[in-house]
Amino acid sequence: MVTDESLRTTKSATATMFAVLIQVLEKDMPGVEAAFLERLALAYATFVNESDDLNGVELINWTRAMLTGFTLNEGYGDKLLEGQ
């Protein structure tokens, strides 16, 4: 059975995996993170405009926040695994 908590955990883990993947790729291919974030913004616009389900929007927001350290609620903070 899918609960709100299990869905939240799955979205968090998915966002984390994508953020870590992009961080690893950025080390070998500088610029990939910026390109990913640009494409992610386009995907975000599509989800916001074409879906009533906010789970996809939230997952995109979490991934972006992990990579940039920025959230609308808190402003800039630490990036995921920053300094490690």
# chains A, B, ... in the order shown; residues from 1 in each chain; ligands from 1
call {"tool": "residues_around", "arguments": {"residues": "range 64-79 of chain A", "least_positions_apart": "4", "cutoff": "10 Å", "atoms": "only C-alpha atoms", "output": "list of chain:residue names"}}
result
A:Ala15, A:Thr16, A:Phe18, A:Ala19, A:Val20, A:Ile22, A:Gln23, A:Glu33, A:Ala34, A:Phe36, A:Leu37, A:Leu40, A:Ala41, A:Glu58, A:Leu59, A:Ile60, A:Gly83
call {"tool": "write_last_selection", "arguments": {"atoms": "N, CA and C atoms", "output": "PDB file, in the first residue's frame"}}
result
ATOM      1  N   ALA A  15      14.993  12.144  -6.300  1.00  0.00           N
ATOM      2  CA  ALA A  15      15.643  13.441  -6.470  1.00  0.00           C
ATOM      3  C   ALA A  15      17.107  13.363  -6.071  1.00  0.00           C
ATOM      4  N   THR A  16      17.399  12.658  -4.995  1.00  0.00           N
ATOM      5  CA  THR A  16      18.778  12.511  -4.536  1.00  0.00           C
ATOM      6  C   THR A  16      19.620  11.773  -5.562  1.00  0.00           C
ATOM      7  N   PHE A  18      19.212  11.537  -8.826  1.00  0.00           N
ATOM      8  CA  PHE A  18      19.469  12.398  -9.978  1.00  0.00           C
ATOM      9  C   PHE A  18      20.476  13.491  -9.645  1.00  0.00           C
ATOM     10  N   ALA A  19      20.351  14.097  -8.484  1.00  0.00           N
ATOM     11  CA  ALA A  19      21.279  15.159  -8.098  1.00  0.00           C
ATOM     12  C   ALA A  19      22.700  14.624  -7.992  1.00  0.00           C
ATOM     13  N   VAL A  20      22.869  13.463  -7.378  1.00  0.00           N
ATOM     14  CA  VAL A  20      24.198  12.866  -7.239  1.00  0.00           C
ATOM     15  C   VAL A  20      24.756  12.490  -8.608  1.00  0.00           C
ATOM     16  N   ILE A  22      24.150  13.914 -11.494  1.00  0.00           N
ATOM     17  CA  ILE A  22      24.566  15.141 -12.169  1.00  0.00           C
ATOM     18  C   ILE A  22      25.848  15.686 -11.547  1.00  0.00           C
ATOM     19  N   GLN A  23      25.980  15.611 -10.227  1.00  0.00           N
ATOM     20  CA  GLN A  23      27.209  16.073  -9.578  1.00  0.00           C
ATOM     21  C   GLN A  23      28.415  15.268 -10.049  1.00  0.00           C
ATOM     22  N   GLU A  33      25.869  20.200 -15.511  1.00  0.00           N
ATOM     23  CA  GLU A  33      24.895  20.595 -14.497  1.00  0.00           C
ATOM     24  C   GLU A  33      24.053  21.779 -14.970  1.00  0.00           C
ATOM     25  N   ALA A  34      24.696  22.769 -15.545  1.00  0.00           N
ATOM     26  CA  ALA A  34      23.964  23.937 -16.053  1.00  0.00           C
ATOM     27  C   ALA A  34      22.995  23.528 -17.153  1.00  0.00           C
ATOM     28  N   PHE A  36      21.674  20.547 -17.561  1.00  0.00           N
ATOM     29  CA  PHE A  36      20.612  19.768 -16.924  1.00  0.00           C
ATOM     30  C   PHE A  36      19.587  20.679 -16.264  1.00  0.00           C
ATOM     31  N   LEU A  37      20.067  21.684 -15.528  1.00  0.00           N
ATOM     32  CA  LEU A  37      19.155  22.598 -14.844  1.00  0.00           C
ATOM     33  C   LEU A  37      18.311  23.391 -15.833  1.00  0.00           C
ATOM     34  N   LEU A  40      15.753  20.990 -17.010  1.00  0.00           N
ATOM     35  CA  LEU A  40      14.850  20.724 -15.899  1.00  0.00           C
ATOM     36  C   LEU A  40      13.820  21.839 -15.756  1.00  0.00           C
ATOM     37  N   ALA A  41      14.238  23.071 -16.007  1.00  0.00           N
ATOM     38  CA  ALA A  41      13.301  24.206 -15.966  1.00  0.00           C
ATOM     39  C   ALA A  41      12.226  24.057 -17.026  1.00  0.00           C
ATOM     40  N   GLU A  58       6.931  18.569  -7.532  1.00  0.00           N
ATOM     41  CA  GLU A  58       7.692  18.514  -6.289  1.00  0.00           C
ATOM     42  C   GLU A  58       9.027  17.790  -6.491  1.00  0.00           C
ATOM     43  N   LEU A  59       9.012  16.698  -7.227  1.00  0.00           N
ATOM     44  CA  LEU A  59      10.243  15.958  -7.491  1.00  0.00           C
ATOM     45  C   LEU A  59      11.247  16.814  -8.251  1.00  0.00           C
ATOM     46  N   ILE A  60      10.788  17.542  -9.241  1.00  0.00           N
ATOM     47  CA  ILE A  60      11.663  18.450  -9.996  1.00  0.00           C
ATOM     48  C   ILE A  60      12.210  19.542  -9.075  1.00  0.00           C
ATOM     49  N   GLY A  83      30.917  20.191  -0.587  1.00  0.00           N
ATOM     50  CA  GLY A  83      32.195  20.070   0.081  1.00  0.00           C
ATOM     51  C   GLY A  83      32.666  18.650   0.294  1.00  0.00           C
TER      52      GLY A  83
END
call {"tool": "select_by_dssp", "arguments": {"residues": "chain A", "states": "strand (DSSP E or B)", "output": "PyMOL selection string"}}
result
chain A and resi 70-71+75-76
call {"tool": "atom_distance", "arguments": {"atom1": "CA of Leu42 in chain A", "atom2": "CA of Asn61 in chain A"}}
result
12.1 Å
call {"tool": "decode", "arguments": {"residues": "range 18-54 of chain A", "atoms": "N, CA and C atoms", "output": "mmCIF file, in the first residue's frame"}}
result
data_model
loop_
_atom_site.group_PDB
_atom_site.id
_atom_site.type_symbol
_atom_site.label_atom_id
_atom_site.label_comp_id
_atom_site.auth_asym_id
_atom_site.auth_seq_id
_atom_site.Cartn_x
_atom_site.Cartn_y
_atom_site.Cartn_z
ATOM 1 N N PHE A 18 19.212 11.537 -8.826
ATOM 2 C CA PHE A 18 19.469 12.398 -9.978
ATOM 3 C C PHE A 18 20.476 13.491 -9.645
ATOM 4 N N ALA A 19 20.351 14.097 -8.484
ATOM 5 C CA ALA A 19 21.279 15.159 -8.098
ATOM 6 C C ALA A 19 22.700 14.624 -7.992
ATOM 7 N N VAL A 20 22.869 13.463 -7.378
ATOM 8 C CA VAL A 20 24.198 12.866 -7.239
ATOM 9 C C VAL A 20 24.756 12.490 -8.608
ATOM 10 N N LEU A 21 23.935 11.943 -9.470
ATOM 11 C CA LEU A 21 24.378 11.592 -10.820
ATOM 12 C C LEU A 21 24.888 12.825 -11.564
ATOM 13 N N ILE A 22 24.150 13.914 -11.494
ATOM 14 C CA ILE A 22 24.566 15.141 -12.169
ATOM 15 C C ILE A 22 25.848 15.686 -11.547
ATOM 16 N N GLN A 23 25.980 15.611 -10.227
ATOM 17 C CA GLN A 23 27.209 16.073 -9.578
ATOM 18 C C GLN A 23 28.415 15.268 -10.049
ATOM 19 N N VAL A 24 28.262 13.958 -10.185
ATOM 20 C CA VAL A 24 29.361 13.108 -10.652
ATOM 21 C C VAL A 24 29.705 13.431 -12.096
ATOM 22 N N LEU A 25 28.692 13.582 -12.935
ATOM 23 C CA LEU A 25 28.930 13.911 -14.338
ATOM 24 C C LEU A 25 29.598 15.274 -14.491
ATOM 25 N N GLU A 26 29.224 16.225 -13.649
ATOM 26 C CA GLU A 26 29.784 17.576 -13.718
ATOM 27 C C GLU A 26 31.302 17.561 -13.508
ATOM 28 N N LYS A 27 31.778 16.645 -12.684
ATOM 29 C CA LYS A 27 33.223 16.569 -12.429
ATOM 30 C C LYS A 27 33.999 16.203 -13.695
ATOM 31 N N ASP A 28 33.443 15.316 -14.506
ATOM 32 C CA ASP A 28 34.118 14.877 -15.735
ATOM 33 C C ASP A 28 33.704 15.678 -16.963
ATOM 34 N N MET A 29 32.547 16.279 -16.901
ATOM 35 C CA MET A 29 32.015 17.028 -18.046
ATOM 36 C C MET A 29 31.485 18.371 -17.563
ATOM 37 N N PRO A 30 32.383 19.322 -17.311
ATOM 38 C CA PRO A 30 31.932 20.631 -16.829
ATOM 39 C C PRO A 30 30.872 21.236 -17.758
ATOM 40 N N GLY A 31 29.843 21.773 -17.155
ATOM 41 C CA GLY A 31 28.746 22.372 -17.911
ATOM 42 C C GLY A 31 27.505 21.502 -17.965
ATOM 43 N N VAL A 32 27.658 20.212 -17.630
ATOM 44 C CA VAL A 32 26.502 19.324 -17.703
ATOM 45 C C VAL A 32 25.438 19.710 -16.671
ATOM 46 N N GLU A 33 25.869 20.200 -15.511
ATOM 47 C CA GLU A 33 24.895 20.595 -14.497
ATOM 48 C C GLU A 33 24.053 21.779 -14.970
ATOM 49 N N ALA A 34 24.696 22.769 -15.545
ATOM 50 C CA ALA A 34 23.964 23.937 -16.053
ATOM 51 C C ALA A 34 22.995 23.528 -17.153
ATOM 52 N N ALA A 35 23.444 22.642 -18.052
ATOM 53 C CA ALA A 35 22.568 22.172 -19.134
ATOM 54 C C ALA A 35 21.393 21.377 -18.564
ATOM 55 N N PHE A 36 21.674 20.547 -17.561
ATOM 56 C CA PHE A 36 20.612 19.768 -16.924
ATOM 57 C C PHE A 36 19.587 20.679 -16.264
ATOM 58 N N LEU A 37 20.067 21.684 -15.528
ATOM 59 C CA LEU A 37 19.155 22.598 -14.844
ATOM 60 C C LEU A 37 18.311 23.391 -15.833
ATOM 61 N N GLU A 38 18.894 23.734 -16.972
ATOM 62 C CA GLU A 38 18.140 24.443 -18.005
ATOM 63 C C GLU A 38 17.015 23.563 -18.551
ATOM 64 N N ARG A 39 17.341 22.315 -18.835
ATOM 65 C CA ARG A 39 16.322 21.380 -19.340
ATOM 66 C C ARG A 39 15.293 21.063 -18.254
ATOM 67 N N LEU A 40 15.753 20.990 -17.010
ATOM 68 C CA LEU A 40 14.850 20.724 -15.899
ATOM 69 C C LEU A 40 13.820 21.839 -15.756
ATOM 70 N N ALA A 41 14.238 23.071 -16.007
ATOM 71 C CA ALA A 41 13.301 24.206 -15.966
ATOM 72 C C ALA A 41 12.226 24.057 -17.026
ATOM 73 N N LEU A 42 12.589 23.572 -18.196
ATOM 74 C CA LEU A 42 11.599 23.327 -19.256
ATOM 75 C C LEU A 42 10.636 22.215 -18.848
ATOM 76 N N ALA A 43 11.177 21.165 -18.248
ATOM 77 C CA ALA A 43 10.326 20.066 -17.782
ATOM 78 C C ALA A 43 9.372 20.548 -16.696
ATOM 79 N N TYR A 44 9.869 21.389 -15.817
ATOM 80 C CA TYR A 44 9.042 21.948 -14.753
ATOM 81 C C TYR A 44 7.859 22.708 -15.346
ATOM 82 N N ALA A 45 8.132 23.543 -16.330
ATOM 83 C CA ALA A 45 7.063 24.322 -16.971
ATOM 84 C C ALA A 45 6.019 23.402 -17.589
ATOM 85 N N THR A 46 6.469 22.326 -18.182
ATOM 86 C CA THR A 46 5.540 21.365 -18.783
ATOM 87 C C THR A 46 4.674 20.719 -17.716
ATOM 88 N N PHE A 47 5.285 20.260 -16.629
ATOM 89 C CA PHE A 47 4.516 19.624 -15.557
ATOM 90 C C PHE A 47 3.511 20.588 -14.944
ATOM 91 N N VAL A 48 3.932 21.805 -14.691
ATOM 92 C CA VAL A 48 3.050 22.791 -14.061
ATOM 93 C C VAL A 48 1.855 23.093 -14.952
ATOM 94 N N ASN A 49 2.094 23.191 -16.248
ATOM 95 C CA ASN A 49 1.034 23.571 -17.176
ATOM 96 C C ASN A 49 0.144 22.423 -17.612
ATOM 97 N N GLU A 50 0.637 21.196 -17.537
ATOM 98 C CA GLU A 50 -0.115 20.085 -18.121
ATOM 99 C C GLU A 50 -0.585 19.034 -17.125
ATOM 100 N N SER A 51 -0.307 19.203 -15.843
ATOM 101 C CA SER A 51 -0.663 18.164 -14.887
ATOM 102 C C SER A 51 -1.293 18.754 -13.639
ATOM 103 N N ASP A 52 -2.286 18.044 -13.144
ATOM 104 C CA ASP A 52 -2.883 18.411 -11.864
ATOM 105 C C ASP A 52 -2.167 17.720 -10.708
ATOM 106 N N ASP A 53 -1.337 16.736 -11.027
ATOM 107 C CA ASP A 53 -0.603 15.989 -10.015
ATOM 108 C C ASP A 53 0.683 16.737 -9.681
ATOM 109 N N LEU A 54 0.800 17.192 -8.469
ATOM 110 C CA LEU A 54 1.951 17.985 -8.062
ATOM 111 C C LEU A 54 3.165 17.149 -7.654
#
